[in-house]
file input_20.pdb (PDB, C-alpha atoms and all ligand atoms)
ATOM      1  CA  MET A  96       0.000   0.000   0.000
ATOM      2  CA  ALA A  97       1.377   3.399  -0.960
ATOM      3  CA  TYR A  98       1.121   6.513   1.153
ATOM      4  CA  SER A  99      -1.919   8.725   0.670
ATOM      5  CA  ALA A 100      -1.564  12.260  -0.678
ATOM      6  CA  LYS A 101      -2.368  13.570   2.808
ATOM      7  CA  VAL A 102       0.399  11.533   4.428
ATOM      8  CA  MET A 103       2.867  12.811   1.834
ATOM      9  CA  ASP A 104       1.662  16.380   2.385
ATOM     10  CA  HIS A 105       2.087  16.210   6.175
ATOM     11  CA  PHE A 106       5.443  14.500   5.784
ATOM     12  CA  MET A 107       6.790  17.066   3.305
ATOM     13  CA  ASN A 108       5.157  20.096   4.994
ATOM     14  CA  PRO A 109       4.658  19.129   8.614
ATOM     15  CA  ARG A 110       2.449  21.532  10.611
ATOM     16  CA  ASN A 111       3.362  22.881  14.047
ATOM     17  CA  VAL A 112       7.001  21.796  14.070
ATOM     18  CA  GLY A 113       9.236  23.066  16.849
ATOM     19  CA  GLU A 114       9.117  23.766  20.558
ATOM     20  CA  LEU A 115       7.072  26.040  22.795
ATOM     21  CA  ASP A 116       8.961  28.064  25.382
ATOM     22  CA  ASN A 117       5.788  28.652  27.375
ATOM     23  CA  ALA A 118       4.562  25.046  27.207
ATOM     24  CA  ASN A 119       2.742  23.867  30.330
ATOM     25  CA  GLY A 120       2.433  20.285  29.148
ATOM     26  CA  VAL A 121       5.254  18.332  27.504
ATOM     27  CA  GLY A 122       5.148  14.684  26.543
ATOM     28  CA  GLU A 123       7.889  12.524  25.122
ATOM     29  CA  VAL A 124       7.468   8.959  23.995
ATOM     30  CA  GLY A 125       9.561   6.498  22.076
ATOM     31  CA  ASN A 126       9.132   3.213  20.337
ATOM     32  CA  ALA A 127      11.698   0.725  21.556
ATOM     33  CA  LYS A 128      11.568  -1.340  18.368
ATOM     34  CA  CYS A 129      12.269   1.339  15.768
ATOM     35  CA  GLY A 130      13.935   3.820  18.121
ATOM     36  CA  ASP A 131      11.793   6.725  16.944
ATOM     37  CA  ILE A 132      11.090   9.523  19.422
ATOM     38  CA  MET A 133       8.234  12.033  19.507
ATOM     39  CA  LYS A 134       7.892  15.078  21.729
ATOM     40  CA  ILE A 135       4.769  17.246  21.993
ATOM     41  CA  TYR A 136       4.467  20.677  23.628
ATOM     42  CA  LEU A 137       1.133  22.099  24.747
ATOM     43  CA  ASP A 138       0.166  25.609  25.731
ATOM     44  CA  VAL A 139      -3.081  25.187  27.646
ATOM     45  CA  GLN A 140      -5.084  28.213  28.767
ATOM     46  CA  ASP A 141      -8.553  28.038  30.321
ATOM     47  CA  ASN A 142      -8.772  24.321  29.553
ATOM     48  CA  VAL A 143      -8.206  24.917  25.827
ATOM     49  CA  ILE A 144      -5.120  23.961  23.817
ATOM     50  CA  GLN A 145      -4.122  27.357  22.486
ATOM     51  CA  ASP A 146      -0.975  26.186  20.797
ATOM     52  CA  VAL A 147       0.864  22.956  20.144
ATOM     53  CA  ARG A 148       4.224  21.993  18.638
ATOM     54  CA  PHE A 149       6.070  18.781  18.042
ATOM     55  CA  ASN A 150       9.527  17.442  17.424
ATOM     56  CA  THR A 151       9.791  13.980  15.951
ATOM     57  CA  PHE A 152      12.946  12.047  15.268
ATOM     58  CA  GLY A 153      11.541   9.226  13.291
ATOM     59  CA  CYS A 154      10.159   7.827  10.097
ATOM     60  CA  GLY A 155       8.012   9.690   7.573
ATOM     61  CA  ALA A 156       4.802   8.221   8.950
ATOM     62  CA  ALA A 157       5.779   9.302  12.458
ATOM     63  CA  ILE A 158       6.249  12.857  11.215
ATOM     64  CA  ALA A 159       2.969  12.827   9.279
ATOM     65  CA  THR A 160       0.996  11.396  12.198
ATOM     66  CA  SER A 161       2.442  13.844  14.711
ATOM     67  CA  SER A 162       1.723  16.709  12.342
ATOM     68  CA  MET A 163      -1.882  15.575  11.911
ATOM     69  CA  ALA A 164      -2.292  14.883  15.638
ATOM     70  CA  THR A 165      -1.241  18.448  16.493
ATOM     71  CA  GLU A 166      -3.686  19.801  13.919
ATOM     72  CA  LEU A 167      -6.496  17.706  15.377
ATOM     73  CA  ILE A 168      -6.017  18.870  18.975
ATOM     74  CA  LYS A 169      -5.236  22.532  18.351
ATOM     75  CA  GLY A 170      -8.036  24.707  19.716
ATOM     76  CA  LYS A 171      -9.667  21.732  21.423
ATOM     77  CA  THR A 172     -10.482  21.357  25.103
ATOM     78  CA  ILE A 173      -8.442  18.994  27.268
ATOM     79  CA  GLU A 174     -11.335  16.564  27.349
ATOM     80  CA  GLU A 175     -11.644  16.548  23.568
ATOM     81  CA  ALA A 176      -7.905  16.081  23.118
ATOM     82  CA  MET A 177      -7.915  13.159  25.529
ATOM     83  CA  GLU A 178     -10.279  11.352  23.197
ATOM     84  CA  LEU A 179      -7.895  11.550  20.270
ATOM     85  CA  THR A 180      -7.110   8.031  19.089
ATOM     86  CA  ASN A 181      -4.494   6.804  16.676
ATOM     87  CA  LYS A 182      -7.420   5.595  14.575
ATOM     88  CA  ALA A 183      -8.720   9.144  14.202
ATOM     89  CA  VAL A 184      -5.259  10.312  13.159
ATOM     90  CA  VAL A 185      -4.995   7.538  10.574
ATOM     91  CA  GLU A 186      -8.467   8.325   9.229
ATOM     92  CA  ALA A 187      -7.636  12.014   8.943
ATOM     93  CA  LEU A 188      -4.590  11.020   6.885
ATOM     94  CA  ASP A 189      -6.696   8.803   4.601
ATOM     95  CA  GLY A 190      -5.038   5.684   5.936
ATOM     96  CA  LEU A 191      -1.579   4.255   6.587
ATOM     97  CA  PRO A 192       0.034   1.023   5.432
ATOM     98  CA  PRO A 193      -0.494  -1.670   8.118
ATOM     99  CA  VAL A 194       3.235  -1.859   8.906
ATOM    100  CA  LYS A 195       3.120   1.853   9.730
ATOM    101  CA  LEU A 196       0.170   1.824  12.113
ATOM    102  CA  HIS A 197       2.470   1.755  15.157
ATOM    103  CA  CYS A 198       3.727   5.200  14.139
ATOM    104  CA  SER A 199       0.231   6.601  14.685
ATOM    105  CA  VAL A 200       0.111   4.902  18.089
ATOM    106  CA  LEU A 201       3.233   6.866  18.988
ATOM    107  CA  ALA A 202       1.389  10.097  18.090
ATOM    108  CA  GLU A 203      -1.562   9.174  20.316
ATOM    109  CA  GLU A 204       0.798   8.296  23.167
ATOM    110  CA  ALA A 205       2.739  11.546  22.802
ATOM    111  CA  VAL A 206      -0.476  13.595  23.043
ATOM    112  CA  GLN A 207      -1.587  11.588  26.094
ATOM    113  CA  ALA A 208       1.811  12.035  27.745
ATOM    114  CA  ALA A 209       1.697  15.820  27.204
ATOM    115  CA  LEU A 210      -1.832  16.014  28.635
ATOM    116  CA  ARG A 211      -0.747  13.940  31.633
ATOM    117  CA  ASP A 212       2.194  16.264  32.179
ATOM    118  CA  TYR A 213      -0.178  19.245  32.073
ATOM    119  CA  TYR A 214      -2.372  17.703  34.783
ATOM    120  CA  GLU A 215       0.586  16.976  37.002
TER
HETATM  121 FE1  LIG A 301       8.918   3.938  14.163
HETATM  122 FE2  LIG A 301       7.442   4.913  12.315
HETATM  123  S1  LIG A 301       8.899   3.354  12.109
HETATM  124  S2  LIG A 301       7.444   5.460  14.378
END

call {"tool": "encode", "arguments": {"input": "input_20.pdb", "output": "structure tokens", "more": "lines below"}}
Ligand code: FES
result
Amino acid sequence: MAYSAKVMDHFMNPRNVGELDNANGVGEVGNAKCGDIMKIYLDVQDNVIQDVRFNTFGCGAAIATSSMATELIKGKTIEEAMELTNKAVVEALDGLPPVKLHCSVLAEEAVQAALRDYYE
């Protein structure tokens, strides 16, 4: 299965790349098997994710899924962001090859880790 146009777009032009100096929630996760690492920064004000950035050292699908994940949670409430699943990220990207599904799981875990950090 080839990559969808949306995956290619988010891989070539990833949205929300970088760090946030004023982040109040930061989550970092890694996949032990492939060694890829994903870090997400959240700026939460009044229970709403005002801004979000990510840094991903990983494969193309990891970059595309983190890009899409940040787009999906930007402007959302904490509760809405907590419901983000890797499935929703994959659907928003018009699918991923089965061998690349774990990359989207990394994106879901990174968002969850950043939200957890915000709570703590
Ligand atoms: Fe590891 Fe994609 S191959 S996140």

call {"tool": "resolve_selection", "arguments": {"input": "input_20.pdb", "expression": "the PyMOL selection byres (((chain A and resi 139) around 10) and not hetatm)", "output": "list of chain:residue names"}}
result
A:Asn117, A:Ala118, A:Asn119, A:Gly120, A:Tyr136, A:Leu137, A:Asp138, A:Gln140, A:Asp141, A:Asn142, A:Val143, A:Ile144, A:Gln145, A:Asp146, A:Val147, A:Lys169, A:Gly170, A:Lys171, A:Thr172, A:Ile173, A:Leu210, A:Tyr213

call {"tool": "residues_near_ligand", "arguments": {"input": "input_20.pdb", "ligand": "ligand LIG 301 (chain A)", "cutoff": "10 Å", "atoms": "all atoms listed in the file", "output": "JSON, numbers by chain"}}
result
{"A": [125, 126, 127, 128, 129, 130, 131, 132, 133, 151, 152, 153, 154, 155, 156, 157, 158, 159, 160, 161, 194, 195, 196, 197, 198, 199, 200, 201, 202]}

call {"tool": "atom_distance", "arguments": {"input": "input_20.pdb", "atom1": "atom CA of Thr165 of chain A", "atom2": "atom CA of Val206 of chain A"}}
result
8.2 Å

call {"tool": "closest_residue", "arguments": {"input": "input_20.pdb", "among": "A:Leu167, A:Phe149, A:Pro193, A:Glu175", "to": "Val121 of chain A", "atoms": "only C-alpha atoms"}}
result
A:Phe149

call {"tool": "resolve_selection", "arguments": {"input": "input_20.pdb", "expression": "the PyMOL selection byres (((chain A and resi 105) around 8) and not hetatm)", "output": "JSON, numbers by chain"}}
result
{"A": [101, 102, 103, 104, 106, 107, 108, 109, 110, 158, 159, 160, 162, 163]}

call {"tool": "atom_distance", "arguments": {"input": "input_20.pdb", "atom1": "atom CA of Glu186 of chain A", "atom2": "atom CA of Ile168 of chain A"}}
result
14.6 Å

call {"tool": "closest_residue", "arguments": {"input": "input_20.pdb", "among": "A:Ile135, A:Met177, A:Val185, A:Val124", "to": "Glu204 of chain A", "atoms": "all atoms listed in the file"}}
result
A:Val124

call {"tool": "atom_distance", "arguments": {"input": "input_20.pdb", "atom1": "atom CA of Ala164 of chain A", "atom2": "atom CA of Lys134 of chain A"}}
result
11.9 Å

call {"tool": "residues_around", "arguments": {"input": "input_20.pdb", "residues": "Thr180 of chain A", "least_positions_apart": "3", "cutoff": "7 Å", "atoms": "all atoms listed in the file", "output": "number ranges by chain"}}
result
A: 183-184, 203

call {"tool": "closest_residue", "arguments": {"input": "input_20.pdb", "among": "A:Leu188, A:Ala205, A:Asn111, A:Asp212", "to": "Tyr98 of chain A", "atoms": "only C-alpha atoms"}}
result
A:Leu188

call {"tool": "axis_aligned_box", "arguments": {"input": "input_20.pdb", "around": "segment 158-172 of chain A", "padding_each_side": "4 Å", "output": "AutoDock Vina command-line options"}}
result
--center_x -2.1 --center_y 18.1 --center_z 17.2 --size_x 24.7 --size_y 21.3 --size_z 23.8

call {"tool": "decode", "arguments": {"input": "input_20.pdb", "residues": "segment 174-210 of chain A", "atoms": "C-alpha atoms", "output": "PDB file, in the first residue's frame"}}
result
ATOM      1  CA  GLU A 174     -11.335  16.564  27.349  1.00  0.00           C
ATOM      2  CA  GLU A 175     -11.644  16.548  23.568  1.00  0.00           C
ATOM      3  CA  ALA A 176      -7.905  16.081  23.118  1.00  0.00           C
ATOM      4  CA  MET A 177      -7.915  13.159  25.529  1.00  0.00           C
ATOM      5  CA  GLU A 178     -10.279  11.352  23.197  1.00  0.00           C
ATOM      6  CA  LEU A 179      -7.895  11.550  20.270  1.00  0.00           C
ATOM      7  CA  THR A 180      -7.110   8.031  19.089  1.00  0.00           C
ATOM      8  CA  ASN A 181      -4.494   6.804  16.676  1.00  0.00           C
ATOM      9  CA  LYS A 182      -7.420   5.595  14.575  1.00  0.00           C
ATOM     10  CA  ALA A 183      -8.720   9.144  14.202  1.00  0.00           C
ATOM     11  CA  VAL A 184      -5.259  10.312  13.159  1.00  0.00           C
ATOM     12  CA  VAL A 185      -4.995   7.538  10.574  1.00  0.00           C
ATOM     13  CA  GLU A 186      -8.467   8.325   9.229  1.00  0.00           C
ATOM     14  CA  ALA A 187      -7.636  12.014   8.943  1.00  0.00           C
ATOM     15  CA  LEU A 188      -4.590  11.020   6.885  1.00  0.00           C
ATOM     16  CA  ASP A 189      -6.696   8.803   4.601  1.00  0.00           C
ATOM     17  CA  GLY A 190      -5.038   5.684   5.936  1.00  0.00           C
ATOM     18  CA  LEU A 191      -1.579   4.255   6.587  1.00  0.00           C
ATOM     19  CA  PRO A 192       0.034   1.023   5.432  1.00  0.00           C
ATOM     20  CA  PRO A 193      -0.494  -1.670   8.118  1.00  0.00           C
ATOM     21  CA  VAL A 194       3.235  -1.859   8.906  1.00  0.00           C
ATOM     22  CA  LYS A 195       3.120   1.853   9.730  1.00  0.00           C
ATOM     23  CA  LEU A 196       0.170   1.824  12.113  1.00  0.00           C
ATOM     24  CA  HIS A 197       2.470   1.755  15.157  1.00  0.00           C
ATOM     25  CA  CYS A 198       3.727   5.200  14.139  1.00  0.00           C
ATOM     26  CA  SER A 199       0.231   6.601  14.685  1.00  0.00           C
ATOM     27  CA  VAL A 200       0.111   4.902  18.089  1.00  0.00           C
ATOM     28  CA  LEU A 201       3.233   6.866  18.988  1.00  0.00           C
ATOM     29  CA  ALA A 202       1.389  10.097  18.090  1.00  0.00           C
ATOM     30  CA  GLU A 203      -1.562   9.174  20.316  1.00  0.00           C
ATOM     31  CA  GLU A 204       0.798   8.296  23.167  1.00  0.00           C
ATOM     32  CA  ALA A 205       2.739  11.546  22.802  1.00  0.00           C
ATOM     33  CA  VAL A 206      -0.476  13.595  23.043  1.00  0.00           C
ATOM     34  CA  GLN A 207      -1.587  11.588  26.094  1.00  0.00           C
ATOM     35  CA  ALA A 208       1.811  12.035  27.745  1.00  0.00           C
ATOM     36  CA  ALA A 209       1.697  15.820  27.204  1.00  0.00           C
ATOM     37  CA  LEU A 210      -1.832  16.014  28.635  1.00  0.00           C
TER      38      LEU A 210
END
